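Note: the block below is coords06.pdb and it holds PDB, C-alpha atoms and all ligand atoms.
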```
ATOM      1  CA  MET Z  25     113.404  13.676  -5.912  1.00  0.00           C
ATOM      2  CA  ILE Z  26     111.404  16.348  -7.733  1.00  0.00           C
ATOM      3  CA  GLU Z  27     113.066  19.066  -9.804  1.00  0.00           C
ATOM      4  CA  THR Z  28     110.674  21.979  -9.300  1.00  0.00           C
ATOM      5  CA  HIS Z  29     112.274  24.599 -11.569  1.00  0.00           C
ATOM      6  CA  ALA Z  30     113.851  23.776 -14.930  1.00  0.00           C
ATOM      7  CA  HIS Z  31     114.039  25.540 -18.285  1.00  0.00           C
ATOM      8  CA  LEU Z  32     114.464  22.510 -20.530  1.00  0.00           C
ATOM      9  CA  ASP Z  33     112.811  24.461 -23.345  1.00  0.00           C
ATOM     10  CA  PHE Z  34     115.800  26.832 -23.554  1.00  0.00           C
ATOM     11  CA  PRO Z  35     118.142  26.558 -26.584  1.00  0.00           C
ATOM     12  CA  GLN Z  36     120.982  25.351 -24.316  1.00  0.00           C
ATOM     13  CA  PHE Z  37     119.205  21.957 -24.455  1.00  0.00           C
ATOM     14  CA  ASP Z  38     118.594  21.847 -28.205  1.00  0.00           C
ATOM     15  CA  ASP Z  39     121.305  19.229 -28.748  1.00  0.00           C
ATOM     16  CA  ASP Z  40     120.442  16.842 -25.924  1.00  0.00           C
ATOM     17  CA  ARG Z  41     117.023  17.664 -24.436  1.00  0.00           C
ATOM     18  CA  GLU Z  42     115.740  14.073 -24.462  1.00  0.00           C
ATOM     19  CA  ALA Z  43     119.063  12.765 -23.148  1.00  0.00           C
ATOM     20  CA  ALA Z  44     118.945  15.292 -20.281  1.00  0.00           C
ATOM     21  CA  ILE Z  45     115.432  14.104 -19.372  1.00  0.00           C
ATOM     22  CA  LYS Z  46     116.671  10.516 -19.393  1.00  0.00           C
ATOM     23  CA  ARG Z  47     119.750  11.337 -17.276  1.00  0.00           C
ATOM     24  CA  ALA Z  48     117.446  12.920 -14.693  1.00  0.00           C
ATOM     25  CA  ALA Z  49     115.211   9.831 -14.569  1.00  0.00           C
ATOM     26  CA  ASP Z  50     118.290   7.611 -14.246  1.00  0.00           C
ATOM     27  CA  ALA Z  51     119.484   9.766 -11.326  1.00  0.00           C
ATOM     28  CA  GLY Z  52     116.167   9.226  -9.511  1.00  0.00           C
ATOM     29  CA  ILE Z  53     114.641  12.587 -10.437  1.00  0.00           C
ATOM     30  CA  HIS Z  54     111.194  11.212 -11.201  1.00  0.00           C
ATOM     31  CA  THR Z  55     109.342  14.492 -11.845  1.00  0.00           C
ATOM     32  CA  ILE Z  56     110.330  17.794 -13.489  1.00  0.00           C
ATOM     33  CA  ILE Z  57     108.449  21.079 -13.637  1.00  0.00           C
ATOM     34  CA  ASN Z  58     109.482  23.337 -16.530  1.00  0.00           C
ATOM     35  CA  ILE Z  59     108.826  27.017 -16.077  1.00  0.00           C
ATOM     36  CA  GLY Z  60     107.709  29.337 -18.884  1.00  0.00           C
ATOM     37  CA  THR Z  61     109.223  32.804 -19.249  1.00  0.00           C
ATOM     38  CA  ASP Z  62     107.487  34.348 -22.297  1.00  0.00           C
ATOM     39  CA  TRP Z  63     104.679  33.289 -24.681  1.00  0.00           C
ATOM     40  CA  ASP Z  64     106.849  31.040 -26.862  1.00  0.00           C
ATOM     41  CA  SER Z  65     108.457  29.492 -23.835  1.00  0.00           C
ATOM     42  CA  CYS Z  66     104.999  28.795 -22.314  1.00  0.00           C
ATOM     43  CA  ASP Z  67     104.002  26.926 -25.492  1.00  0.00           C
ATOM     44  CA  ARG Z  68     107.224  24.913 -25.393  1.00  0.00           C
ATOM     45  CA  VAL Z  69     106.969  23.881 -21.731  1.00  0.00           C
ATOM     46  CA  ILE Z  70     103.403  22.689 -22.373  1.00  0.00           C
ATOM     47  CA  GLU Z  71     104.576  20.692 -25.412  1.00  0.00           C
ATOM     48  CA  LEU Z  72     107.284  19.068 -23.302  1.00  0.00           C
ATOM     49  CA  ALA Z  73     104.726  18.191 -20.620  1.00  0.00           C
ATOM     50  CA  GLU Z  74     102.468  16.647 -23.252  1.00  0.00           C
ATOM     51  CA  ALA Z  75     105.306  14.470 -24.510  1.00  0.00           C
ATOM     52  CA  HIS Z  76     106.388  13.120 -21.090  1.00  0.00           C
ATOM     53  CA  PRO Z  77     104.077  11.776 -18.369  1.00  0.00           C
ATOM     54  CA  ARG Z  78     106.194  13.133 -15.459  1.00  0.00           C
ATOM     55  CA  LEU Z  79     106.977  16.529 -16.912  1.00  0.00           C
ATOM     56  CA  PHE Z  80     104.697  19.381 -15.829  1.00  0.00           C
ATOM     57  CA  ALA Z  81     104.570  23.062 -16.717  1.00  0.00           C
ATOM     58  CA  ALA Z  82     104.197  26.509 -15.184  1.00  0.00           C
ATOM     59  CA  VAL Z  83     103.097  29.356 -17.441  1.00  0.00           C
ATOM     60  CA  GLY Z  84     103.800  33.042 -16.953  1.00  0.00           C
ATOM     61  CA  ILE Z  85     105.688  36.091 -18.151  1.00  0.00           C
ATOM     62  CA  HIS Z  86     109.077  36.638 -16.483  1.00  0.00           C
ATOM     63  CA  PRO Z  87     109.816  40.141 -15.135  1.00  0.00           C
ATOM     64  CA  HIS Z  88     112.534  40.472 -17.791  1.00  0.00           C
ATOM     65  CA  ASP Z  89     109.764  40.183 -20.385  1.00  0.00           C
ATOM     66  CA  ALA Z  90     107.141  42.244 -18.553  1.00  0.00           C
ATOM     67  CA  LYS Z  91     107.334  44.766 -21.397  1.00  0.00           C
ATOM     68  CA  ILE Z  92     105.309  42.333 -23.564  1.00  0.00           C
ATOM     69  CA  TRP Z  93     102.450  42.237 -21.008  1.00  0.00           C
ATOM     70  CA  GLU Z  94      99.289  43.826 -22.449  1.00  0.00           C
ATOM     71  CA  GLY Z  95      96.776  43.969 -19.627  1.00  0.00           C
ATOM     72  CA  ASP Z  96      93.464  42.118 -20.039  1.00  0.00           C
ATOM     73  CA  ARG Z  97      94.448  40.650 -23.395  1.00  0.00           C
ATOM     74  CA  SER Z  98      97.464  38.986 -21.803  1.00  0.00           C
ATOM     75  CA  SER Z  99      95.464  37.880 -18.772  1.00  0.00           C
ATOM     76  CA  GLU Z 100      93.001  36.089 -21.055  1.00  0.00           C
ATOM     77  CA  ARG Z 101      95.826  34.487 -23.018  1.00  0.00           C
ATOM     78  CA  LEU Z 102      97.482  33.284 -19.813  1.00  0.00           C
ATOM     79  CA  LYS Z 103      94.203  31.855 -18.505  1.00  0.00           C
ATOM     80  CA  THR Z 104      93.750  29.844 -21.685  1.00  0.00           C
ATOM     81  CA  LEU Z 105      97.249  28.393 -21.306  1.00  0.00           C
ATOM     82  CA  ALA Z 106      96.658  27.683 -17.620  1.00  0.00           C
ATOM     83  CA  GLU Z 107      93.596  25.559 -18.407  1.00  0.00           C
ATOM     84  CA  HIS Z 108      95.888  22.869 -19.794  1.00  0.00           C
ATOM     85  CA  PRO Z 109      95.726  19.849 -17.466  1.00  0.00           C
ATOM     86  CA  LYS Z 110      99.516  19.669 -17.106  1.00  0.00           C
ATOM     87  CA  VAL Z 111      99.907  23.277 -16.032  1.00  0.00           C
ATOM     88  CA  VAL Z 112     100.472  23.230 -12.262  1.00  0.00           C
ATOM     89  CA  ALA Z 113     101.415  26.872 -11.528  1.00  0.00           C
ATOM     90  CA  ILE Z 114     101.590  30.442 -12.812  1.00  0.00           C
ATOM     91  CA  GLY Z 115     105.229  31.469 -13.254  1.00  0.00           C
ATOM     92  CA  GLU Z 116     107.697  32.611 -13.371  1.00  0.00           C
ATOM     93  CA  ILE Z 117     106.492  36.014 -12.340  1.00  0.00           C
ATOM     94  CA  GLY Z 118     107.943  38.649 -10.042  1.00  0.00           C
ATOM     95  CA  LEU Z 119     110.332  41.585  -9.961  1.00  0.00           C
ATOM     96  CA  ASP Z 120     113.947  41.893 -11.084  1.00  0.00           C
ATOM     97  CA  TYR Z 121     115.629  45.129 -10.000  1.00  0.00           C
ATOM     98  CA  TYR Z 122     119.088  43.857 -10.876  1.00  0.00           C
ATOM     99  CA  ARG Z 123     118.896  43.662 -14.638  1.00  0.00           C
ATOM    100  CA  ASN Z 124     115.876  45.931 -15.151  1.00  0.00           C
ATOM    101  CA  ASN Z 125     115.230  44.421 -18.601  1.00  0.00           C
ATOM    102  CA  SER Z 126     111.710  45.828 -18.345  1.00  0.00           C
ATOM    103  CA  PRO Z 127     110.765  49.096 -16.599  1.00  0.00           C
ATOM    104  CA  ARG Z 128     109.941  48.571 -12.912  1.00  0.00           C
ATOM    105  CA  ASP Z 129     106.398  49.931 -13.133  1.00  0.00           C
ATOM    106  CA  LYS Z 130     105.695  47.534 -16.040  1.00  0.00           C
ATOM    107  CA  GLN Z 131     107.125  44.655 -14.023  1.00  0.00           C
ATOM    108  CA  ARG Z 132     104.857  45.472 -11.118  1.00  0.00           C
ATOM    109  CA  VAL Z 133     101.702  45.643 -13.260  1.00  0.00           C
ATOM    110  CA  ALA Z 134     102.517  42.309 -14.941  1.00  0.00           C
ATOM    111  CA  PHE Z 135     103.232  40.738 -11.546  1.00  0.00           C
ATOM    112  CA  VAL Z 136      99.989  41.982  -9.963  1.00  0.00           C
ATOM    113  CA  GLU Z 137      97.831  40.980 -12.948  1.00  0.00           C
ATOM    114  CA  GLN Z 138      99.370  37.519 -13.143  1.00  0.00           C
ATOM    115  CA  ILE Z 139      98.675  36.983  -9.446  1.00  0.00           C
ATOM    116  CA  ALA Z 140      95.032  37.791 -10.265  1.00  0.00           C
ATOM    117  CA  VAL Z 141      95.075  35.119 -12.998  1.00  0.00           C
ATOM    118  CA  ALA Z 142      96.568  32.608 -10.541  1.00  0.00           C
ATOM    119  CA  LYS Z 143      93.772  33.355  -8.083  1.00  0.00           C
ATOM    120  CA  ASP Z 144      91.096  33.021 -10.792  1.00  0.00           C
ATOM    121  CA  MET Z 145      92.573  29.687 -11.857  1.00  0.00           C
ATOM    122  CA  ASN Z 146      93.326  28.565  -8.292  1.00  0.00           C
ATOM    123  CA  LEU Z 147      96.963  27.829  -9.117  1.00  0.00           C
ATOM    124  CA  PRO Z 148     100.046  28.531  -6.961  1.00  0.00           C
ATOM    125  CA  ILE Z 149     102.654  31.031  -8.197  1.00  0.00           C
ATOM    126  CA  VAL Z 150     106.372  30.656  -8.913  1.00  0.00           C
ATOM    127  CA  ILE Z 151     108.097  33.888  -7.929  1.00  0.00           C
ATOM    128  CA  HIS Z 152     111.313  35.341  -9.345  1.00  0.00           C
ATOM    129  CA  ASN Z 153     113.051  37.871  -7.062  1.00  0.00           C
ATOM    130  CA  ARG Z 154     116.260  39.708  -7.716  1.00  0.00           C
ATOM    131  CA  ASP Z 155     117.105  42.624  -5.430  1.00  0.00           C
ATOM    132  CA  ALA Z 156     113.391  43.255  -4.986  1.00  0.00           C
ATOM    133  CA  PHE Z 157     112.368  41.334  -1.871  1.00  0.00           C
ATOM    134  CA  ASN Z 158     110.622  44.209  -0.071  1.00  0.00           C
ATOM    135  CA  ASP Z 159     108.498  45.181  -3.061  1.00  0.00           C
ATOM    136  CA  ILE Z 160     107.649  41.549  -3.789  1.00  0.00           C
ATOM    137  CA  PHE Z 161     106.600  41.002  -0.213  1.00  0.00           C
ATOM    138  CA  GLU Z 162     104.404  44.105  -0.341  1.00  0.00           C
ATOM    139  CA  VAL Z 163     102.704  42.918  -3.556  1.00  0.00           C
ATOM    140  CA  LEU Z 164     102.121  39.407  -2.164  1.00  0.00           C
ATOM    141  CA  LEU Z 165     100.525  40.926   0.908  1.00  0.00           C
ATOM    142  CA  MET Z 166      98.414  43.546  -0.891  1.00  0.00           C
ATOM    143  CA  GLU Z 167      97.176  41.141  -3.547  1.00  0.00           C
ATOM    144  CA  ARG Z 168      96.524  38.414  -0.960  1.00  0.00           C
ATOM    145  CA  ALA Z 169      98.609  36.036  -3.015  1.00  0.00           C
ATOM    146  CA  TYR Z 170      98.735  33.746   0.018  1.00  0.00           C
ATOM    147  CA  ASP Z 171      95.227  32.603  -0.965  1.00  0.00           C
ATOM    148  CA  VAL Z 172      96.891  30.460  -3.642  1.00  0.00           C
ATOM    149  CA  GLY Z 173     100.405  30.265  -2.149  1.00  0.00           C
ATOM    150  CA  GLY Z 174     103.500  29.536  -4.109  1.00  0.00           C
ATOM    151  CA  VAL Z 175     107.245  29.414  -3.983  1.00  0.00           C
ATOM    152  CA  LEU Z 176     110.003  32.011  -3.868  1.00  0.00           C
ATOM    153  CA  HIS Z 177     112.246  30.252  -6.322  1.00  0.00           C
ATOM    154  CA  CYS Z 178     116.057  30.490  -6.264  1.00  0.00           C
ATOM    155  CA  PHE Z 179     115.786  31.748  -2.707  1.00  0.00           C
ATOM    156  CA  SER Z 180     118.921  33.721  -1.848  1.00  0.00           C
ATOM    157  CA  GLU Z 181     117.842  36.098   0.907  1.00  0.00           C
ATOM    158  CA  GLY Z 182     118.631  35.703   4.590  1.00  0.00           C
ATOM    159  CA  VAL Z 183     116.953  33.836   7.435  1.00  0.00           C
ATOM    160  CA  ALA Z 184     114.734  36.794   8.418  1.00  0.00           C
ATOM    161  CA  GLU Z 185     113.320  37.071   4.887  1.00  0.00           C
ATOM    162  CA  ALA Z 186     112.894  33.295   4.745  1.00  0.00           C
ATOM    163  CA  GLU Z 187     110.850  33.272   7.928  1.00  0.00           C
ATOM    164  CA  LYS Z 188     108.782  36.249   6.855  1.00  0.00           C
ATOM    165  CA  SER Z 189     107.919  34.494   3.568  1.00  0.00           C
ATOM    166  CA  ILE Z 190     107.033  31.248   5.295  1.00  0.00           C
ATOM    167  CA  ASP Z 191     104.854  33.070   7.820  1.00  0.00           C
ATOM    168  CA  LEU Z 192     102.951  34.570   4.875  1.00  0.00           C
ATOM    169  CA  GLY Z 193     102.270  31.023   3.656  1.00  0.00           C
ATOM    170  CA  PHE Z 194     104.934  30.622   0.989  1.00  0.00           C
ATOM    171  CA  HIS Z 195     107.480  27.947   0.195  1.00  0.00           C
ATOM    172  CA  LEU Z 196     111.149  28.538  -0.652  1.00  0.00           C
ATOM    173  CA  SER Z 197     113.172  26.651  -3.181  1.00  0.00           C
ATOM    174  CA  VAL Z 198     116.911  26.225  -3.043  1.00  0.00           C
ATOM    175  CA  ASN Z 199     119.297  25.395  -5.852  1.00  0.00           C
ATOM    176  CA  GLY Z 200     123.018  25.303  -6.720  1.00  0.00           C
ATOM    177  CA  ILE Z 201     123.649  28.537  -4.827  1.00  0.00           C
ATOM    178  CA  LEU Z 202     123.342  26.439  -1.673  1.00  0.00           C
ATOM    179  CA  THR Z 203     126.506  24.580  -2.694  1.00  0.00           C
ATOM    180  CA  TYR Z 204     128.529  27.761  -3.215  1.00  0.00           C
ATOM    181  CA  LYS Z 205     130.510  29.142  -0.322  1.00  0.00           C
ATOM    182  CA  LYS Z 206     127.868  31.620   0.758  1.00  0.00           C
ATOM    183  CA  ALA Z 207     127.287  31.699   4.500  1.00  0.00           C
ATOM    184  CA  THR Z 208     123.813  33.248   4.461  1.00  0.00           C
ATOM    185  CA  MET Z 209     122.444  30.435   2.292  1.00  0.00           C
ATOM    186  CA  ALA Z 210     123.923  27.799   4.578  1.00  0.00           C
ATOM    187  CA  GLU Z 211     122.055  29.436   7.476  1.00  0.00           C
ATOM    188  CA  VAL Z 212     118.795  29.350   5.532  1.00  0.00           C
ATOM    189  CA  GLY Z 213     119.347  25.726   4.498  1.00  0.00           C
ATOM    190  CA  LYS Z 214     120.060  24.759   8.089  1.00  0.00           C
ATOM    191  CA  SER Z 215     117.337  26.606   9.936  1.00  0.00           C
ATOM    192  CA  VAL Z 216     114.245  26.903   7.738  1.00  0.00           C
ATOM    193  CA  ARG Z 217     111.300  24.531   8.287  1.00  0.00           C
ATOM    194  CA  LEU Z 218     111.861  21.509   6.055  1.00  0.00           C
ATOM    195  CA  ASP Z 219     108.156  21.258   5.308  1.00  0.00           C
ATOM    196  CA  ARG Z 220     108.373  24.524   3.327  1.00  0.00           C
ATOM    197  CA  LEU Z 221     111.472  23.786   1.265  1.00  0.00           C
ATOM    198  CA  LEU Z 222     111.619  22.654  -2.350  1.00  0.00           C
ATOM    199  CA  LEU Z 223     114.556  21.605  -4.499  1.00  0.00           C
ATOM    200  CA  GLU Z 224     115.322  22.982  -7.963  1.00  0.00           C
ATOM    201  CA  THR Z 225     118.160  23.600 -10.383  1.00  0.00           C
ATOM    202  CA  ASP Z 226     117.000  26.662 -12.417  1.00  0.00           C
ATOM    203  CA  CYS Z 227     118.892  24.941 -15.238  1.00  0.00           C
ATOM    204  CA  PRO Z 228     120.551  25.788 -17.582  1.00  0.00           C
ATOM    205  CA  PHE Z 229     121.805  28.354 -15.011  1.00  0.00           C
ATOM    206  CA  LEU Z 230     123.455  28.077 -11.586  1.00  0.00           C
ATOM    207  CA  ALA Z 231     124.998  24.603 -11.806  1.00  0.00           C
ATOM    208  CA  PRO Z 232     125.801  23.261  -8.328  1.00  0.00           C
ATOM    209  CA  HIS Z 233     129.307  22.431  -7.185  1.00  0.00           C
ATOM    210  CA  PRO Z 234     131.212  20.464  -8.647  1.00  0.00           C
ATOM    211  CA  HIS Z 235     129.692  21.534 -12.002  1.00  0.00           C
ATOM    212  CA  ARG Z 236     129.677  25.250 -11.196  1.00  0.00           C
ATOM    213  CA  GLY Z 237     130.207  27.412 -14.280  1.00  0.00           C
ATOM    214  CA  LYS Z 238     129.029  24.703 -16.688  1.00  0.00           C
ATOM    215  CA  ARG Z 239     125.548  24.144 -18.063  1.00  0.00           C
ATOM    216  CA  ASN Z 240     123.178  22.947 -15.379  1.00  0.00           C
ATOM    217  CA  GLU Z 241     120.571  20.181 -15.899  1.00  0.00           C
ATOM    218  CA  PRO Z 242     117.774  18.498 -13.884  1.00  0.00           C
ATOM    219  CA  ALA Z 243     119.891  15.490 -12.837  1.00  0.00           C
ATOM    220  CA  TYR Z 244     122.063  17.864 -10.785  1.00  0.00           C
ATOM    221  CA  VAL Z 245     119.234  18.618  -8.363  1.00  0.00           C
ATOM    222  CA  ALA Z 246     120.643  15.591  -6.515  1.00  0.00           C
ATOM    223  CA  PHE Z 247     123.695  17.710  -5.552  1.00  0.00           C
ATOM    224  CA  VAL Z 248     121.365  20.290  -4.022  1.00  0.00           C
ATOM    225  CA  GLY Z 249     119.583  17.558  -2.036  1.00  0.00           C
ATOM    226  CA  ASP Z 250     122.925  16.189  -0.839  1.00  0.00           C
ATOM    227  CA  LYS Z 251     124.062  19.620   0.324  1.00  0.00           C
ATOM    228  CA  LEU Z 252     120.823  20.259   2.178  1.00  0.00           C
ATOM    229  CA  ALA Z 253     121.161  16.859   3.880  1.00  0.00           C
ATOM    230  CA  GLU Z 254     124.730  17.675   4.904  1.00  0.00           C
ATOM    231  CA  LEU Z 255     123.823  21.125   6.268  1.00  0.00           C
ATOM    232  CA  ARG Z 256     120.920  19.793   8.321  1.00  0.00           C
ATOM    233  CA  GLY Z 257     122.510  16.515   9.383  1.00  0.00           C
ATOM    234  CA  THR Z 258     119.469  14.722   7.961  1.00  0.00           C
ATOM    235  CA  PRO Z 259     119.618  11.583   5.771  1.00  0.00           C
ATOM    236  CA  VAL Z 260     119.221  12.486   2.107  1.00  0.00           C
ATOM    237  CA  ASP Z 261     116.315   9.998   1.761  1.00  0.00           C
ATOM    238  CA  GLU Z 262     114.371  11.991   4.306  1.00  0.00           C
ATOM    239  CA  ILE Z 263     115.207  15.264   2.517  1.00  0.00           C
ATOM    240  CA  ALA Z 264     113.935  13.716  -0.730  1.00  0.00           C
ATOM    241  CA  ASP Z 265     110.747  12.366   0.879  1.00  0.00           C
ATOM    242  CA  VAL Z 266     109.811  15.599   2.622  1.00  0.00           C
ATOM    243  CA  THR Z 267     110.644  17.940  -0.267  1.00  0.00           C
ATOM    244  CA  ASP Z 268     108.722  15.631  -2.648  1.00  0.00           C
ATOM    245  CA  GLU Z 269     105.739  15.759  -0.330  1.00  0.00           C
ATOM    246  CA  ASN Z 270     105.998  19.560  -0.239  1.00  0.00           C
ATOM    247  CA  ALA Z 271     106.072  19.792  -4.043  1.00  0.00           C
ATOM    248  CA  ASN Z 272     103.190  17.318  -4.397  1.00  0.00           C
ATOM    249  CA  ARG Z 273     101.101  19.311  -1.962  1.00  0.00           C
ATOM    250  CA  LEU Z 274     101.891  22.757  -3.391  1.00  0.00           C
ATOM    251  CA  PHE Z 275     101.537  21.843  -7.088  1.00  0.00           C
ATOM    252  CA  ARG Z 276      98.895  19.114  -6.538  1.00  0.00           C
ATOM    253  CA  LEU Z 277     100.858  16.684  -8.682  1.00  0.00           C
ATOM    254  CA  PRO Z 278      99.187  13.396  -9.573  1.00  0.00           C
ATOM    255  CA  PRO Z 279     100.656  10.429  -7.656  1.00  0.00           C
ATOM    256  CA  LEU Z 280     103.447   8.410  -9.254  1.00  0.00           C
ATOM    257  CA  GLN Z 281     102.138   5.309 -11.017  1.00  0.00           C
TER     258      GLN Z 281
HETATM  259 ZN    ZN Z 301     113.849  30.281 -13.762  1.00  0.00          ZN
END
```

Would you mind giving the structure from this file in structure tokens?
Amino acid sequence: MIETHAHLDFPQFDDDREAAIKRAADAGIHTIINIGTDWDSCDRVIELAEAHPRLFAAVGIHPHDAKIWEGDRSSERLKTLAEHPKVVAIGEIGLDYYRNNSPRDKQRVAFVEQIAVAKDMNLPIVIHNRDAFNDIFEVLLMERAYDVGGVLHCFSEGVAEAEKSIDLGFHLSVNGILTYKKATMAEVGKSVRLDRLLLETDCPFLAPHPHRGKRNEPAYVAFVGDKLAELRGTPVDEIADVTDENANRLFRLPPLQ
């Protein structure tokens, strides 16, 4: 199984980062993509990818940090990072209208300009959405982000939004929220095309049941896979095979040795 969205560079893993990577491998999670959120974080996820053959990185400025985005200068900096051979996506980028840690107009500019970088570099995007689906959809459409594709990570909208996103050429990734008692997510997990779904944890956040409320880690993506299998009545091996294939295709990951 592939963990497509982790933040192993965060300080929550300072005491046991290597052990967490090992626990994931022992649990059959053979590949992990760590996602950058600001410049320092981008450097750290690349360092982690350099140190481990099956760790990869996405680089981008999170909407919370959009206030640090400085136009062309930042675009050039991001391009340089994205040239690294273990960088497989631009992210996480998007809009967050829940916390509004950066002004909304700043968030939108950073989002649009990072999509342009992704298109220049021919890399898919990893999208963060919180209470901003309509605006995100509009940006993806206007900027023709479907040329590179990508994933709406931590997908927590309804079936209609899921289908709209898939029709535009995007993937969705599901995480621990799927294991919480939230009916809309169960509907999405059940009905959405399996060939567009990815699995993730978004660790250290959003630990799946039965670890809810504690620190999350990549090994727990197995609980997300189990829940998806249960909802769809599909064997978990098949869920793992298909979602792995989806991640390999989207992020063009090198084959396992
Ligand atoms: Zn994230």

Exercise for review: May I have the residues within 9 Å of range 181-184 of chain Z as a PyMOL selection string, using all atoms listed in the file and disregarding those fewer than 6 positions away in the same chain?
Suggested key: chain Z and resi 157+208-209+211-213+215-216

Can you write out as JSON lines which residues of chain Z fall within 9 Å of ligand ZN 301 (chain Z), alongside each residue's closest atom pair and its distance in Å to one decimal, counting all atoms listed in the file and ordering rows by chain and ascending residue number?
```
{"residue": "Z:His29", "atom": "CA", "partner": "Z:ZN301", "partner_atom": "ZN", "distance": 6.3}
{"residue": "Z:Ala30", "atom": "CA", "partner": "Z:ZN301", "partner_atom": "ZN", "distance": 6.6}
{"residue": "Z:His31", "atom": "CA", "partner": "Z:ZN301", "partner_atom": "ZN", "distance": 6.6}
{"residue": "Z:Asn58", "atom": "CA", "partner": "Z:ZN301", "partner_atom": "ZN", "distance": 8.7}
{"residue": "Z:Ile59", "atom": "CA", "partner": "Z:ZN301", "partner_atom": "ZN", "distance": 6.4}
{"residue": "Z:Gly60", "atom": "CA", "partner": "Z:ZN301", "partner_atom": "ZN", "distance": 8.1}
{"residue": "Z:Thr61", "atom": "CA", "partner": "Z:ZN301", "partner_atom": "ZN", "distance": 7.6}
{"residue": "Z:His86", "atom": "CA", "partner": "Z:ZN301", "partner_atom": "ZN", "distance": 8.4}
{"residue": "Z:Gly115", "atom": "CA", "partner": "Z:ZN301", "partner_atom": "ZN", "distance": 8.7}
{"residue": "Z:Glu116", "atom": "CA", "partner": "Z:ZN301", "partner_atom": "ZN", "distance": 6.6}
{"residue": "Z:Val150", "atom": "CA", "partner": "Z:ZN301", "partner_atom": "ZN", "distance": 8.9}
{"residue": "Z:Ile151", "atom": "CA", "partner": "Z:ZN301", "partner_atom": "ZN", "distance": 9.0}
{"residue": "Z:His152", "atom": "CA", "partner": "Z:ZN301", "partner_atom": "ZN", "distance": 7.2}
{"residue": "Z:His177", "atom": "CA", "partner": "Z:ZN301", "partner_atom": "ZN", "distance": 7.6}
{"residue": "Z:Cys178", "atom": "CA", "partner": "Z:ZN301", "partner_atom": "ZN", "distance": 7.8}
{"residue": "Z:Thr225", "atom": "CA", "partner": "Z:ZN301", "partner_atom": "ZN", "distance": 8.6}
{"residue": "Z:Asp226", "atom": "CA", "partner": "Z:ZN301", "partner_atom": "ZN", "distance": 5.0}
{"residue": "Z:Cys227", "atom": "CA", "partner": "Z:ZN301", "partner_atom": "ZN", "distance": 7.5}
{"residue": "Z:Pro228", "atom": "CA", "partner": "Z:ZN301", "partner_atom": "ZN", "distance": 8.9}
{"residue": "Z:Phe229", "atom": "CA", "partner": "Z:ZN301", "partner_atom": "ZN", "distance": 8.3}
```

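For His195 in chain Z, the set of protein, DNA and RNA residues having any atom at most 7 Å away, when counting all atoms listed in the file and skipping those fewer than 6 positions along the same chain, is Z:Gly174, Z:Val175, Z:Leu176, Z:Arg220, Z:Leu221.
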
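Distances from Z:Pro127, Z:Pro234, Z:Pro109, Z:Gly173 to Ala73 in chain Z were compared using all atoms listed in the file, and the smallest one belongs to Z:Pro109.
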
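Straight-line separation from CA of Asp89 in chain Z to CA of Leu223 in chain Z: 24.9 Å.
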
Practice item. Name the residues captured by the PyMOL selection byres (((chain Z and resi 264-276) around 6) and not hetatm) when it is applied to the shown file; answer as a ChimeraX atom specification. Key: /Z:25-26,112,222,261-263,277

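Across the model, the gap from CA of Asp40 in chain Z to CA of Thr28 in chain Z is 20.0 Å.
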
Practice item. To verify the selection step, state as number ranges by chain which residues the PyMOL selection byres (((chain Z and resi 231) around 12) and not hetatm) yields on this input. Key: Z: 30, 199-204, 224-230, 232-248

Range 251-260 of chain Z written out with N, CA and C atoms as a CSV table (one decimal), in the first residue's frame:
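out10.csv, written as the output of this step:
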```csv
chain,number,residue,atom,x,y,z
Z,251,LYS,N,-11.0,0.2,5.9
Z,251,LYS,CA,-12.4,0.8,5.9
Z,251,LYS,C,-12.9,0.9,4.5
Z,252,LEU,N,-12.1,1.3,3.5
Z,252,LEU,CA,-12.5,1.4,2.2
Z,252,LEU,C,-13.0,0.0,1.6
Z,253,ALA,N,-12.2,-1.0,2.0
Z,253,ALA,CA,-12.6,-2.4,1.6
Z,253,ALA,C,-13.9,-2.8,2.1
Z,254,GLU,N,-14.1,-2.5,3.4
Z,254,GLU,CA,-15.4,-2.8,4.1
Z,254,GLU,C,-16.6,-2.1,3.4
Z,255,LEU,N,-16.4,-0.8,3.2
Z,255,LEU,CA,-17.5,0.0,2.6
Z,255,LEU,C,-17.9,-0.5,1.2
Z,256,ARG,N,-16.9,-0.9,0.4
Z,256,ARG,CA,-17.1,-1.3,-0.9
Z,256,ARG,C,-17.4,-2.8,-1.1
Z,257,GLY,N,-17.2,-3.6,0.0
Z,257,GLY,CA,-17.3,-5.0,-0.1
Z,257,GLY,C,-16.3,-5.6,-1.1
Z,258,THR,N,-15.1,-5.0,-1.1
Z,258,THR,CA,-14.0,-5.4,-2.0
Z,258,THR,C,-12.9,-6.0,-1.1
Z,259,PRO,N,-12.2,-7.0,-1.5
Z,259,PRO,CA,-11.1,-7.5,-0.7
Z,259,PRO,C,-10.0,-6.4,-0.6
Z,260,VAL,N,-9.4,-6.4,0.6
Z,260,VAL,CA,-8.4,-5.3,0.8
Z,260,VAL,C,-7.2,-5.4,-0.1
```
